[in-house]
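Enquirer: Dropping in target-v6.cif, which is mmCIF, C-alpha atoms:
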```cif
data_my_file
loop_
_atom_site.label_atom_id
_atom_site.label_comp_id
_atom_site.auth_asym_id
_atom_site.auth_seq_id
_atom_site.Cartn_x
_atom_site.Cartn_y
_atom_site.Cartn_z
CA MET G 1201 118.43 128.31 107.38
CA LYS G 1202 114.71 127.65 106.81
CA ASN G 1203 115.39 124.22 105.28
CA LYS G 1204 117.62 123.25 108.20
CA PHE G 1205 114.86 124.26 110.61
CA ILE G 1206 112.31 122.14 108.75
CA GLN G 1207 114.69 119.18 108.78
CA THR G 1208 114.99 119.53 112.54
CA LEU G 1209 111.21 119.60 112.85
CA LEU G 1210 110.82 116.45 110.80
CA VAL G 1211 113.32 114.60 112.99
CA LEU G 1212 111.37 115.68 116.07
CA ILE G 1213 108.19 114.30 114.53
CA LEU G 1214 109.51 110.79 115.02
CA PHE G 1215 109.44 111.39 118.77
CA ASN G 1216 106.58 113.82 119.07
CA THR G 1217 103.46 112.61 117.32
CA LEU G 1218 100.18 114.48 117.36
CA SER G 1219 97.72 113.20 119.94
CA PHE G 1220 95.05 110.88 118.46
CA SER G 1221 94.38 108.79 121.55
CA LEU G 1222 91.32 107.05 120.11
CA LEU G 1223 93.10 106.02 116.92
CA SER G 1224 95.98 103.95 118.31
CA GLN G 1225 96.85 100.44 117.15
CA PRO G 1226 95.09 97.66 119.08
CA ALA G 1227 97.15 95.65 121.55
CA ALA G 1228 98.43 92.24 120.44
CA SER G 1229 96.47 89.20 121.63
CA LEU G 1230 97.50 85.69 122.64
CA VAL G 1231 95.56 84.10 119.78
CA ARG G 1232 95.67 85.65 116.32
CA VAL G 1233 93.10 85.15 113.61
CA ILE G 1234 95.03 86.01 110.46
CA VAL G 1235 92.98 86.70 107.34
CA SER G 1236 95.08 87.39 104.25
CA LEU G 1237 94.41 88.00 100.56
CA ASN G 1238 96.16 86.72 97.46
CA HIS G 1239 96.86 90.27 96.23
CA LYS G 1240 99.41 92.04 98.37
CA ASP G 1241 97.78 95.43 97.91
CA TRP G 1242 94.26 94.02 98.54
CA SER G 1243 93.15 95.55 95.23
CA TYR G 1244 91.12 93.80 92.53
CA LYS G 1245 89.48 94.44 89.19
CA LEU G 1246 85.74 94.03 88.82
CA ASN G 1247 84.68 90.38 88.39
CA GLU G 1248 88.11 89.18 89.58
CA GLU G 1249 88.11 86.50 92.26
CA ALA G 1250 89.55 87.50 95.63
CA LYS G 1251 91.02 84.55 97.52
CA PHE G 1252 91.10 84.70 101.32
CA SER G 1253 93.30 82.55 103.54
CA VAL G 1254 92.41 82.11 107.23
CA GLN G 1255 94.82 80.90 109.91
CA VAL G 1256 94.18 80.67 113.65
CA LEU G 1257 97.47 80.86 115.54
CA LYS G 1258 98.53 80.49 119.17
CA TYR G 1259 102.19 81.07 119.99
CA GLY G 1260 102.72 81.27 116.23
CA ASN G 1261 101.36 77.76 115.61
CA LEU G 1262 98.14 76.67 113.94
CA VAL G 1263 95.40 75.69 116.40
CA ASP G 1264 93.96 72.25 115.61
CA ASN G 1265 90.20 71.61 115.69
CA VAL G 1266 89.38 75.25 116.32
CA THR G 1267 85.79 76.39 115.91
CA ILE G 1268 85.08 79.53 113.89
CA ASP G 1269 82.13 81.66 112.87
CA TYR G 1270 82.43 83.81 109.78
CA GLU G 1271 80.61 86.17 107.46
CA ILE G 1272 81.61 87.12 103.95
CA GLY G 1273 80.28 89.51 101.32
CA PRO G 1274 80.04 93.25 100.62
CA GLU G 1275 81.30 95.26 103.60
CA MET G 1276 78.71 95.78 106.33
CA LEU G 1277 76.17 93.75 104.33
CA PRO G 1278 77.52 90.17 104.19
CA ASP G 1279 75.46 87.72 102.18
CA VAL G 1280 76.91 84.52 103.70
CA LYS G 1281 77.07 83.76 107.43
CA LYS G 1282 78.22 80.48 108.98
CA GLN G 1283 78.60 79.35 112.59
CA GLY G 1284 80.34 76.45 114.28
CA VAL G 1285 82.73 75.58 111.45
CA ILE G 1286 85.54 73.32 112.70
CA LEU G 1287 89.02 73.73 111.21
CA LYS G 1288 90.89 70.48 111.77
CA ASN G 1289 94.29 71.96 110.99
CA GLY G 1290 93.53 75.58 111.98
CA LYS G 1291 93.19 77.04 108.50
CA ILE G 1292 90.73 77.44 105.64
CA GLU G 1293 90.46 79.22 102.28
CA MET G 1294 87.50 81.11 100.80
CA SER G 1295 86.83 83.38 97.85
CA GLY G 1296 84.43 85.96 96.49
CA MET G 1297 84.09 88.77 93.95
CA MET G 1298 82.24 91.98 93.14
CA LYS G 1299 80.74 93.22 89.89
CA VAL G 1300 80.52 96.87 90.96
CA PRO G 1301 83.07 99.15 92.66
CA GLY G 1302 83.23 98.59 96.40
CA PHE G 1303 84.67 96.35 99.10
CA TYR G 1304 84.29 92.64 99.76
CA ARG G 1305 85.07 91.48 103.30
CA LEU G 1306 85.69 88.25 105.18
CA ARG G 1307 85.28 88.54 108.94
CA VAL G 1308 86.17 85.57 111.16
CA TRP G 1309 85.72 84.83 114.87
CA ALA G 1310 87.54 81.94 116.55
CA VAL G 1311 86.91 80.52 120.01
CA VAL G 1312 90.01 79.32 121.84
CA ASP G 1313 90.01 78.43 125.56
CA ASP G 1314 86.51 79.94 125.88
CA LYS G 1315 87.66 83.30 124.55
CA ARG G 1316 86.57 84.85 121.26
CA TYR G 1317 89.09 86.35 118.83
CA GLU G 1318 88.50 88.18 115.57
CA GLY G 1319 90.29 88.71 112.28
CA LEU G 1320 89.27 90.20 108.95
CA ALA G 1321 90.47 91.32 105.54
CA THR G 1322 88.78 93.43 102.90
CA ALA G 1323 89.28 93.35 99.15
CA GLY G 1324 88.95 96.66 97.32
CA TYR G 1325 87.27 96.56 93.91
CA GLU G 1326 88.22 99.66 91.91
CA PRO G 1327 87.29 102.01 94.79
CA GLU G 1328 88.43 105.05 92.82
CA LYS G 1329 85.22 104.59 90.78
CA ILE G 1330 82.85 104.66 93.79
CA GLN G 1331 80.33 107.48 93.52
CA PRO G 1332 78.13 108.83 96.33
CA THR G 1333 74.44 108.11 96.72
CA VAL G 1334 73.55 111.21 98.72
CA LYS G 1335 71.78 114.06 96.93
CA ASP G 1336 73.27 117.56 96.88
CA PRO G 1337 70.58 120.06 98.02
CA ALA G 1338 70.05 122.87 95.54
CA ASP G 1339 70.23 125.51 98.28
CA PHE G 1340 73.16 123.94 100.16
CA ASP G 1341 75.49 126.92 99.67
CA SER G 1342 72.90 129.54 100.57
CA PHE G 1343 71.86 127.54 103.63
CA TRP G 1344 75.37 127.44 105.06
CA GLY G 1345 76.29 130.94 103.87
CA HIS G 1346 73.30 132.35 105.73
CA ALA G 1347 74.02 130.21 108.83
CA ILE G 1348 77.61 131.50 109.03
CA GLU G 1349 76.50 135.08 108.42
CA GLU G 1350 73.98 134.83 111.24
CA ALA G 1351 76.49 133.16 113.59
CA ARG G 1352 79.03 135.94 113.04
CA LYS G 1353 76.50 138.50 114.26
CA THR G 1354 77.26 137.08 117.71
CA ASN G 1355 80.40 138.58 119.21
CA LEU G 1356 83.12 135.99 119.83
CA ASP G 1357 83.56 137.22 123.43
CA SER G 1358 86.82 135.25 123.59
CA ARG G 1359 88.04 134.21 127.03
CA MET G 1360 91.48 132.80 127.85
CA THR G 1361 92.54 131.44 131.23
CA LEU G 1362 96.19 130.53 131.71
CA MET G 1363 96.78 127.02 133.07
CA PRO G 1364 100.13 127.42 134.87
CA GLU G 1365 100.28 123.76 135.87
CA ARG G 1366 100.34 122.74 132.19
CA CYS G 1367 102.69 125.39 130.86
CA THR G 1368 106.25 124.47 129.91
CA GLY G 1369 109.43 126.42 129.30
CA ASP G 1370 108.45 126.81 125.64
CA VAL G 1371 104.66 126.84 125.65
CA ASN G 1372 101.85 128.68 127.41
CA VAL G 1373 98.63 126.71 127.79
CA TYR G 1374 95.19 128.26 128.10
CA HIS G 1375 91.68 126.99 128.68
CA ILE G 1376 89.70 129.07 126.21
CA SER G 1377 86.14 129.65 125.12
CA PHE G 1378 84.28 131.80 122.63
CA GLN G 1379 80.68 132.34 121.65
CA ASN G 1380 79.39 130.21 118.83
CA GLU G 1381 76.21 130.66 116.78
CA THR G 1382 74.08 132.45 119.40
CA LYS G 1383 74.64 134.45 122.55
CA GLY G 1384 75.56 132.15 125.43
CA SER G 1385 76.34 129.17 123.21
CA ARG G 1386 80.06 128.61 123.69
CA ILE G 1387 82.83 126.42 122.31
CA PHE G 1388 85.62 125.44 124.70
CA GLY G 1389 89.13 124.22 124.02
CA ILE G 1390 92.80 124.12 124.94
CA LEU G 1391 95.12 126.63 123.28
CA ALA G 1392 98.87 125.94 123.27
CA MET G 1393 100.95 128.96 122.32
CA PRO G 1394 104.72 129.24 121.78
CA LYS G 1395 106.14 131.53 124.47
CA LYS G 1396 108.75 133.19 122.29
CA ALA G 1397 107.52 136.46 120.81
CA GLY G 1398 106.67 136.22 117.14
CA LYS G 1399 104.08 135.34 114.52
CA TYR G 1400 103.24 131.66 114.09
CA PRO G 1401 101.24 129.30 111.88
CA ALA G 1402 98.27 127.55 113.47
CA LEU G 1403 96.78 124.08 113.65
CA LEU G 1404 93.13 123.53 114.55
CA LYS G 1405 92.43 120.05 115.93
CA VAL G 1406 88.80 118.98 115.71
CA PRO G 1407 87.54 116.09 117.84
CA GLY G 1408 86.44 112.55 117.22
CA ALA G 1409 83.09 111.39 118.55
CA GLY G 1410 82.59 111.25 122.29
CA ILE G 1411 82.53 113.62 125.23
CA ARG G 1412 85.76 113.97 127.15
CA PRO G 1413 88.32 116.41 128.56
CA TYR G 1414 91.22 117.61 126.40
CA SER G 1415 94.81 118.42 127.25
CA GLY G 1416 95.97 120.32 124.15
CA ASP G 1417 98.84 119.67 121.78
CA LEU G 1418 101.89 121.07 123.54
CA ARG G 1419 104.40 119.07 121.50
CA THR G 1420 103.43 120.64 118.21
CA ALA G 1421 103.26 124.06 119.86
CA ALA G 1422 106.83 123.59 121.07
CA LEU G 1423 107.87 123.21 117.43
CA GLY G 1424 106.56 126.67 116.63
CA VAL G 1425 102.88 126.14 115.78
CA ILE G 1426 99.88 127.59 117.62
CA THR G 1427 97.57 124.66 118.36
CA LEU G 1428 93.91 124.83 119.30
CA GLU G 1429 92.14 121.63 120.32
CA ILE G 1430 88.41 122.15 120.68
CA GLY G 1431 85.48 120.30 122.15
CA ILE G 1432 82.14 120.71 120.40
CA HIS G 1433 79.52 120.17 123.09
CA GLY G 1434 79.41 123.59 124.72
CA ILE G 1435 80.99 122.54 128.03
CA PRO G 1436 84.44 123.23 129.49
CA VAL G 1437 87.07 120.67 128.47
CA ASN G 1438 88.97 120.60 131.79
CA LEU G 1439 86.36 119.08 134.09
CA ASP G 1440 86.33 115.86 136.08
CA PRO G 1441 86.00 112.88 133.67
CA GLN G 1442 82.93 111.65 135.55
CA ILE G 1443 81.01 114.69 134.35
CA TYR G 1444 81.56 113.68 130.72
CA ASP G 1445 80.56 110.10 131.48
CA ASN G 1446 77.32 111.37 132.98
CA LEU G 1447 76.61 113.52 129.94
CA VAL G 1448 77.38 110.86 127.34
CA ASN G 1449 75.00 108.50 129.12
CA GLY G 1450 72.42 111.17 129.82
CA ALA G 1451 71.63 114.52 128.20
CA LEU G 1452 74.09 114.05 125.33
CA LEU G 1453 73.36 110.40 124.57
CA ALA G 1454 73.43 109.71 120.81
CA ILE G 1455 73.94 113.34 119.84
CA TRP G 1456 73.89 112.38 116.16
CA SER G 1457 70.14 111.73 116.39
CA ILE G 1458 69.12 114.92 118.20
CA ARG G 1459 66.56 116.76 116.01
CA LEU G 1460 67.79 114.76 113.04
CA ASN G 1461 64.76 115.56 110.89
CA ASN G 1462 65.13 119.35 111.20
CA ARG G 1463 67.95 120.87 109.15
CA ASP G 1464 67.73 124.15 111.10
CA ALA G 1465 67.90 122.56 114.56
CA PHE G 1466 69.96 119.38 114.02
CA TYR G 1467 72.68 118.98 116.66
CA TYR G 1468 75.52 119.12 114.16
CA LYS G 1469 74.56 122.60 112.96
CA ARG G 1470 76.10 124.25 116.02
CA VAL G 1471 79.04 121.82 115.73
CA TYR G 1472 79.86 122.75 112.14
CA LEU G 1473 79.43 126.44 112.89
CA GLY G 1474 81.61 126.04 115.97
CA CYS G 1475 84.47 124.86 113.78
CA VAL G 1476 84.19 127.98 111.63
CA ARG G 1477 84.09 130.14 114.75
CA ALA G 1478 87.24 128.38 115.95
CA VAL G 1479 88.94 129.63 112.79
CA ASP G 1480 87.62 133.12 113.61
CA PHE G 1481 89.14 132.77 117.09
CA ILE G 1482 92.55 131.81 115.67
CA PHE G 1483 92.54 134.71 113.21
CA ALA G 1484 91.87 137.08 116.10
CA LEU G 1485 95.02 135.96 117.94
CA PRO G 1486 97.78 138.59 117.60
CA GLU G 1487 100.39 135.80 117.63
CA PHE G 1488 98.92 134.13 114.52
CA ASN G 1489 100.72 135.01 111.30
CA GLY G 1490 97.42 135.60 109.55
CA ALA G 1491 97.94 133.11 106.72
CA ASP G 1492 99.19 129.61 107.49
CA ILE G 1493 96.46 127.52 109.07
CA ALA G 1494 95.64 123.82 108.90
CA VAL G 1495 92.90 121.64 110.34
CA THR G 1496 93.10 117.97 111.24
CA GLY G 1497 91.18 115.23 113.04
CA GLY G 1498 90.14 111.61 112.91
CA SER G 1499 86.75 109.89 112.55
CA GLN G 1500 84.17 112.55 113.46
CA GLY G 1501 87.22 114.83 113.48
CA GLY G 1502 88.06 113.70 109.95
CA ALA G 1503 84.55 114.72 108.94
CA LEU G 1504 84.86 118.08 110.70
CA THR G 1505 88.20 118.63 108.96
CA ILE G 1506 86.54 118.42 105.55
CA VAL G 1507 83.53 120.43 106.69
CA THR G 1508 85.69 123.24 108.09
CA ALA G 1509 87.75 123.52 104.91
CA ALA G 1510 84.61 123.59 102.76
CA LEU G 1511 82.92 126.29 104.84
CA ASP G 1512 85.97 128.48 105.49
CA LYS G 1513 88.29 129.11 102.56
CA ARG G 1514 90.92 130.63 104.87
CA ILE G 1515 92.01 127.07 105.71
CA LYS G 1516 95.18 126.37 103.73
CA HIS G 1517 95.84 122.68 104.49
CA ILE G 1518 93.78 119.74 105.72
CA ALA G 1519 94.66 116.26 106.97
CA ALA G 1520 91.65 113.98 107.44
CA ILE G 1521 91.94 110.56 109.07
CA HIS G 1522 89.18 108.01 108.35
CA PRO G 1523 86.37 110.60 108.13
CA ALA G 1524 82.93 109.75 109.45
CA LEU G 1525 79.52 111.12 108.40
CA CYS G 1526 79.97 110.27 104.71
CA ASP G 1527 77.23 109.12 102.31
CA HIS G 1528 74.49 108.43 104.84
CA THR G 1529 72.08 107.14 102.21
CA GLY G 1530 74.38 104.27 101.28
CA TYR G 1531 72.28 101.74 103.18
CA LEU G 1532 69.18 102.88 101.32
CA ASN G 1533 71.02 101.89 98.13
CA LYS G 1534 72.10 98.45 99.36
CA ARG G 1535 75.66 99.38 100.24
CA ALA G 1536 77.57 100.63 103.27
CA GLY G 1537 76.96 104.11 104.60
CA GLY G 1538 79.17 106.08 106.96
CA TRP G 1539 79.16 106.41 110.73
CA PRO G 1540 76.81 106.62 112.58
CA HIS G 1541 75.16 104.20 110.14
CA TYR G 1542 71.84 105.92 109.70
CA PHE G 1543 69.29 103.63 108.06
CA LYS G 1544 71.33 100.43 108.44
CA ASN G 1545 68.71 98.83 110.65
CA ALA G 1546 65.77 101.21 110.33
CA GLU G 1547 63.90 103.02 107.61
CA PRO G 1548 64.23 106.81 107.61
CA LYS G 1549 61.58 108.86 109.34
CA PRO G 1550 59.96 111.80 107.54
CA GLY G 1551 62.43 114.63 106.92
CA GLU G 1552 65.58 112.76 107.94
CA VAL G 1553 67.01 112.05 104.48
CA GLU G 1554 66.37 115.61 103.33
CA SER G 1555 67.88 117.11 106.48
CA LEU G 1556 70.99 114.94 106.35
CA GLY G 1557 71.79 116.15 102.85
CA TYR G 1558 72.88 119.45 104.42
CA TYR G 1559 75.24 117.67 106.84
CA ASP G 1560 76.65 114.81 104.78
CA VAL G 1561 80.41 115.17 104.40
CA VAL G 1562 80.15 114.17 100.73
CA ASN G 1563 78.40 117.45 99.96
CA PHE G 1564 81.12 119.40 101.76
CA ALA G 1565 83.80 117.40 99.94
CA ARG G 1566 82.29 118.57 96.63
CA ARG G 1567 83.16 122.12 97.72
CA VAL G 1568 86.66 121.63 99.11
CA THR G 1569 89.27 123.76 97.34
CA THR G 1570 92.00 123.26 99.92
CA PRO G 1571 94.93 120.86 99.27
CA GLY G 1572 94.66 117.88 101.56
CA LEU G 1573 96.06 114.63 102.83
CA TYR G 1574 93.67 111.75 103.56
CA THR G 1575 94.31 108.37 105.12
CA TRP G 1576 92.36 105.27 106.12
CA GLY G 1577 92.28 101.50 105.86
CA TYR G 1578 90.12 98.86 104.23
CA ASN G 1579 89.18 97.08 107.46
CA ASP G 1580 87.33 99.98 109.06
CA LEU G 1581 84.04 98.85 110.60
CA ALA G 1582 83.08 102.26 112.03
CA CYS G 1583 83.71 104.29 108.88
CA PRO G 1584 83.39 101.85 105.95
CA PRO G 1585 85.83 102.62 103.13
CA THR G 1586 82.99 102.78 100.61
CA SER G 1587 81.61 105.79 102.47
CA MET G 1588 84.99 107.50 102.71
CA TYR G 1589 85.76 106.97 99.03
CA SER G 1590 82.34 108.44 98.25
CA ALA G 1591 83.60 111.71 99.69
CA TYR G 1592 87.19 111.50 98.49
CA ASN G 1593 86.29 110.78 94.89
CA VAL G 1594 84.29 114.00 94.49
CA ILE G 1595 87.08 116.25 95.81
CA SER G 1596 88.51 118.28 92.93
CA ALA G 1597 91.19 120.08 94.98
CA PRO G 1598 94.78 118.76 95.05
CA LYS G 1599 94.71 115.65 97.21
CA GLU G 1600 96.83 112.73 98.35
CA LEU G 1601 95.49 109.46 99.75
CA LEU G 1602 97.53 107.20 102.02
CA ILE G 1603 96.00 103.75 102.26
CA PHE G 1604 97.11 101.44 105.08
CA GLN G 1605 94.98 98.49 104.03
CA GLU G 1606 95.02 96.54 107.29
CA THR G 1607 93.94 99.36 109.56
CA GLY G 1608 90.42 99.43 110.89
CA HIS G 1609 89.24 102.36 112.98
CA TRP G 1610 92.77 102.83 114.28
CA THR G 1611 96.14 103.89 112.91
CA PHE G 1612 99.69 102.57 112.69
CA PRO G 1613 102.39 104.85 114.18
CA GLU G 1614 103.85 105.18 110.67
CA GLN G 1615 100.49 106.48 109.48
CA ILE G 1616 100.38 109.27 112.05
CA GLU G 1617 104.05 110.09 111.42
CA ALA G 1618 103.22 110.59 107.75
CA VAL G 1619 100.33 112.91 108.65
CA ASN G 1620 102.49 114.91 111.07
CA LYS G 1621 105.31 115.25 108.58
CA TRP G 1622 102.95 116.47 105.88
CA LEU G 1623 101.21 118.99 108.15
CA LEU G 1624 104.37 120.51 109.56
CA THR G 1625 106.01 120.66 106.16
CA GLN G 1626 103.03 122.62 104.82
CA LEU G 1627 102.79 124.94 107.82
CA MET G 1628 106.50 125.72 108.11
CA ARG G 1629 107.33 126.26 104.44
CA GLU G 1630 108.09 129.80 103.30
#
```
Could you render the structure as structure tokens?

Expert:
Amino acid sequence: MKNKFIQTLLVLILFNTLSFSLLSQPAASLVRVIVSLNHKDWSYKLNEEAKFSVQVLKYGNLVDNVTIDYEIGPEMLPDVKKQGVILKNGKIEMSGMMKVPGFYRLRVWAVVDDKRYEGLATAGYEPEKIQPTVKDPADFDSFWGHAIEEARKTNLDSRMTLMPERCTGDVNVYHISFQNETKGSRIFGILAMPKKAGKYPALLKVPGAGIRPYSGDLRTAALGVITLEIGIHGIPVNLDPQIYDNLVNGALLAIWSIRLNNRDAFYYKRVYLGCVRAVDFIFALPEFNGADIAVTGGSQGGALTIVTAALDKRIKHIAAIHPALCDHTGYLNKRAGGWPHYFKNAEPKPGEVESLGYYDVVNFARRVTTPGLYTWGYNDLACPPTSMYSAYNVISAPKELLIFQETGHWTFPEQIEAVNKWLLTQLMRE
């Protein structure tokens, strides 16, 4: 009976994907700049030549006498840049190689009818051998252990307000909040709860970067999973969108730089602790079965997924999509670092490198013991694959990596379907 139920769930996944609105595939364009590699899997051995082929197409045909700009070299740090190159027959070939593990990228822009179009491809050179550059602070564990202990001295003071206009026949929806690391500091979110009496597994959804309202994950809740989608900025998540626009351009502009040089006051401290407190909130729900809990998110949410699992061993399953905040010191070592690209264009200020060691996802990845699924692509410009592999390669827990080479900071539907299937299979198994 259980297996039949799971089969039904997996069929429903095809029609009910988890909501990752910022990760969707880009819309097709009139002109396509196709950059392809001579290895179908985009993978190469060290010192092996990667051959790139570029085609500029309109209506499926090569565009004659098209002008392109391009840059080629290690990802995020190209060593060759050219402008105004004319392709008489709409195509060109180039090549390059790497002597150390990493990624080599060709990025091309074409101008057609006064509009600019982009294409790129990225060759992976033995990425499984990439090692992080960030240092692991000696007191990392005591720092976070003490921070969590102090945060839990603050009563959760959980509040739940039913949202009748969002409820369905199967799911109750609540706007919720709870206290975070200090009195008066709150985390807000949307809780979707199956209406039928019983004990259920739970899914915590942690957010990508940005400040926005949230609507909750009713579809997954309807399948028999408690879902909690949280915001991290201490403001309700059901306000008028203009309020969030005002905040992102005002008081909460560039949150990743707020008190960056102070490990005890850095903005992300309350964020990381808020994710742990969200787990506390779920465990306090009488409808939760007390055991089966997963966490998932993309980009910043991918980072928070790893962080939450490292800090709270009650998490049983994790699914991280192109995680940000990995290996920040990469640029100081002449290679790509993770979003938000600290030190790419500026030297670190006093205290920043030391402080970031306590927040770098690589150092949380070292401590993950939870089985996990990870997925990303080679063309990611926001979260360079070198930075993500820096975290993935130090994870000793059971792990599975799904590479969709062509994806940048977005996902194919098949990619999200695979994540959904994996999560629900883990949560619904006996």

Enquirer: Once the PyMOL selection byres ((chain G and resi 1502) around 8) has been evaluated on this model, what residues remain selected, and can you format them as a ChimeraX atom specification?

Expert: /G:1406,1408,1496-1501,1503-1506,1519-1524

Enquirer: Using 6 Å of padding on each side, determine the axis-aligned box around all atoms of region 1560-1564 of chain G present in the file and give its centre and edge lengths in Å to one decimal, as JSON.

Expert:
```
{"center_x": 78.9, "center_y": 116.8, "center_z": 102.4, "size_x": 16.5, "size_y": 17.2, "size_z": 16.8}
```

Enquirer: Please determine, counting only C-alpha atoms, which residue among G:Pro1364, G:Ile1330, G:Leu1237, G:Arg1535 has the shortest atom-to-atom distance to Pro1278 (chain G).

Expert: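 Closest to Pro1278 (chain G) of all the choices is G:Arg1535.
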
Enquirer: Going by the chain IDs and residue numbers used in this file, which residues fall under the PyMOL selection byres ((chain G and resi 1462) around 10)? Write them as a ChimeraX atom specification.

Expert: /G:1458-1461,1463-1467,1550-1552,1554-1556

Enquirer: Give as a list in words the residues that the PyMOL selection byres ((chain G and resi 1343-1350) around 9) matches when applied to the coordinates above.

Expert: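 In the shown coordinates, the PyMOL selection byres ((chain G and resi 1343-1350) around 9) covers Asp1339, Phe1340, Asp1341, Ser1342, Ala1351, Arg1352, Lys1353, Thr1354, Glu1381, Thr1382, Lys1469, Leu1473, Val1476, Arg1477, Leu1511 and Tyr1558 of chain G.
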
Enquirer: Find the distance between CA of Met1393 (chain G) and CA of Glu1487 (chain G) and write it in Å to one decimal.

Expert: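 Those two atoms sit 8.3 Å apart.
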
Enquirer: Would you kindly return, as a PyMOL selection string, each protein, DNA or RNA residue with an atom no farther than 10 Å from any atom of Ala1546 (chain G), considering all atoms listed in the file and excluding same-chain residues fewer than 4 positions away?

Expert: chain G and resi 1531-1532+1541-1542

Enquirer: Residues of the last selection are to be written out with C-alpha atoms, as a compact mmCIF listing (two decimals), in the frame of the given file.

Expert:
```txt
# COMPACT_ATOMS: atom_id res chain seq x y z
CA TYR G 1531 72.28 101.74 103.18
CA LEU G 1532 69.18 102.88 101.32
CA HIS G 1541 75.16 104.20 110.14
CA TYR G 1542 71.84 105.92 109.70
```

Enquirer: I want to know what sits within 9 Å of Tyr1592 (chain G), based on only C-alpha atoms, with residues of the same chain fewer than 5 positions away left out; could you give that as a ChimeraX atom specification?

Expert: /G:1328,1562,1565-1566,1574,1587,1599,1601

Enquirer: With all atoms listed in the file as the counted atoms, please give the residues lying no more than 8 Å from Leu1525 (chain G), apart from itself and same-chain residues fewer than 6 positions off, as a list in words.

Expert: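 In the requested format, the answer is Gln1500, Ala1503, Gly1538, Trp1539, Pro1540, Tyr1559, Asp1560 and Val1561 of chain G.
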
Enquirer: Would you work out the distance separating CA of Arg1305 (chain G) from CA of Cys1526 (chain G), expressed in Å to one decimal?

Expert: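 According to the coordinates, CA of Arg1305 (chain G) and CA of Cys1526 (chain G) are separated by 19.5 Å.
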
Enquirer: For Tyr1414 (chain G), work out the shell of residues within 7 Å, counting all atoms listed in the file and skipping chain neighbours fewer than 2 positions away, then give it as a PyMOL selection string.

Expert: chain G and resi 1390+1412+1416+1437-1438

Enquirer: Can you list, as a PyMOL selection string, every protein, DNA or RNA residue that comes within 8 Å of region 1603-1611 of chain G when you count only C-alpha atoms, leaving out same-chain residues fewer than 4 positions away?

Expert: chain G and resi 1222-1226+1241-1242+1321+1499+1522+1575-1583+1615-1616

Enquirer: Quick one: distance from CA of Val1495 (chain G) to CA of Pro1327 (chain G) in Å, one decimal?

Expert: 25.7 Å

Enquirer: With all atoms listed in the file as the basis for distance, which of G:Lys1335, G:Arg1232, G:Lys1549, G:Lys1513 is at the shortest distance from Asp1527 (chain G)?

Expert: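 For Asp1527 (chain G), the nearest of the candidates is G:Lys1335.
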
Enquirer: Considering all atoms listed in the file, state which residue in the set G:Gly1290, G:Asn1265, G:Ala1323, G:Val1231 is at the smallest distance from Leu1246 (chain G).

Expert: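 Ranked by minimum distance to Leu1246 (chain G), first place goes to G:Ala1323.
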
Enquirer: May I ask which of the residues G:Gly1273, G:Gly1389, G:Pro1394, G:Pro1401 is the closest one to Arg1629 (chain G), counting all atoms listed in the file?

Expert: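 For Arg1629 (chain G), the nearest of the given residues is G:Pro1401.
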
Enquirer: Rank nothing, just name the residue among G:Glu1275, G:Asp1512, G:Asp1440, G:Glu1293 nearest to Ser1253 (chain G), using all atoms listed in the file.

Expert: G:Glu1293

Enquirer: Taking all atoms listed in the file into account, name the residue in G:Ile1493, G:Ile1430, G:Val1266, G:Val1308 that is nearest to Leu1624 (chain G).

Expert: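 Smallest distance to Leu1624 (chain G) is found for G:Ile1493.
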
Enquirer: Dump as number ranges by chain all residues having an atom at most 7 Å from (90.1, 121.0, 99.8), computed in the file's coordinates with only C-alpha atoms.

Expert: G: 1509-1510, 1568-1572, 1595, 1597
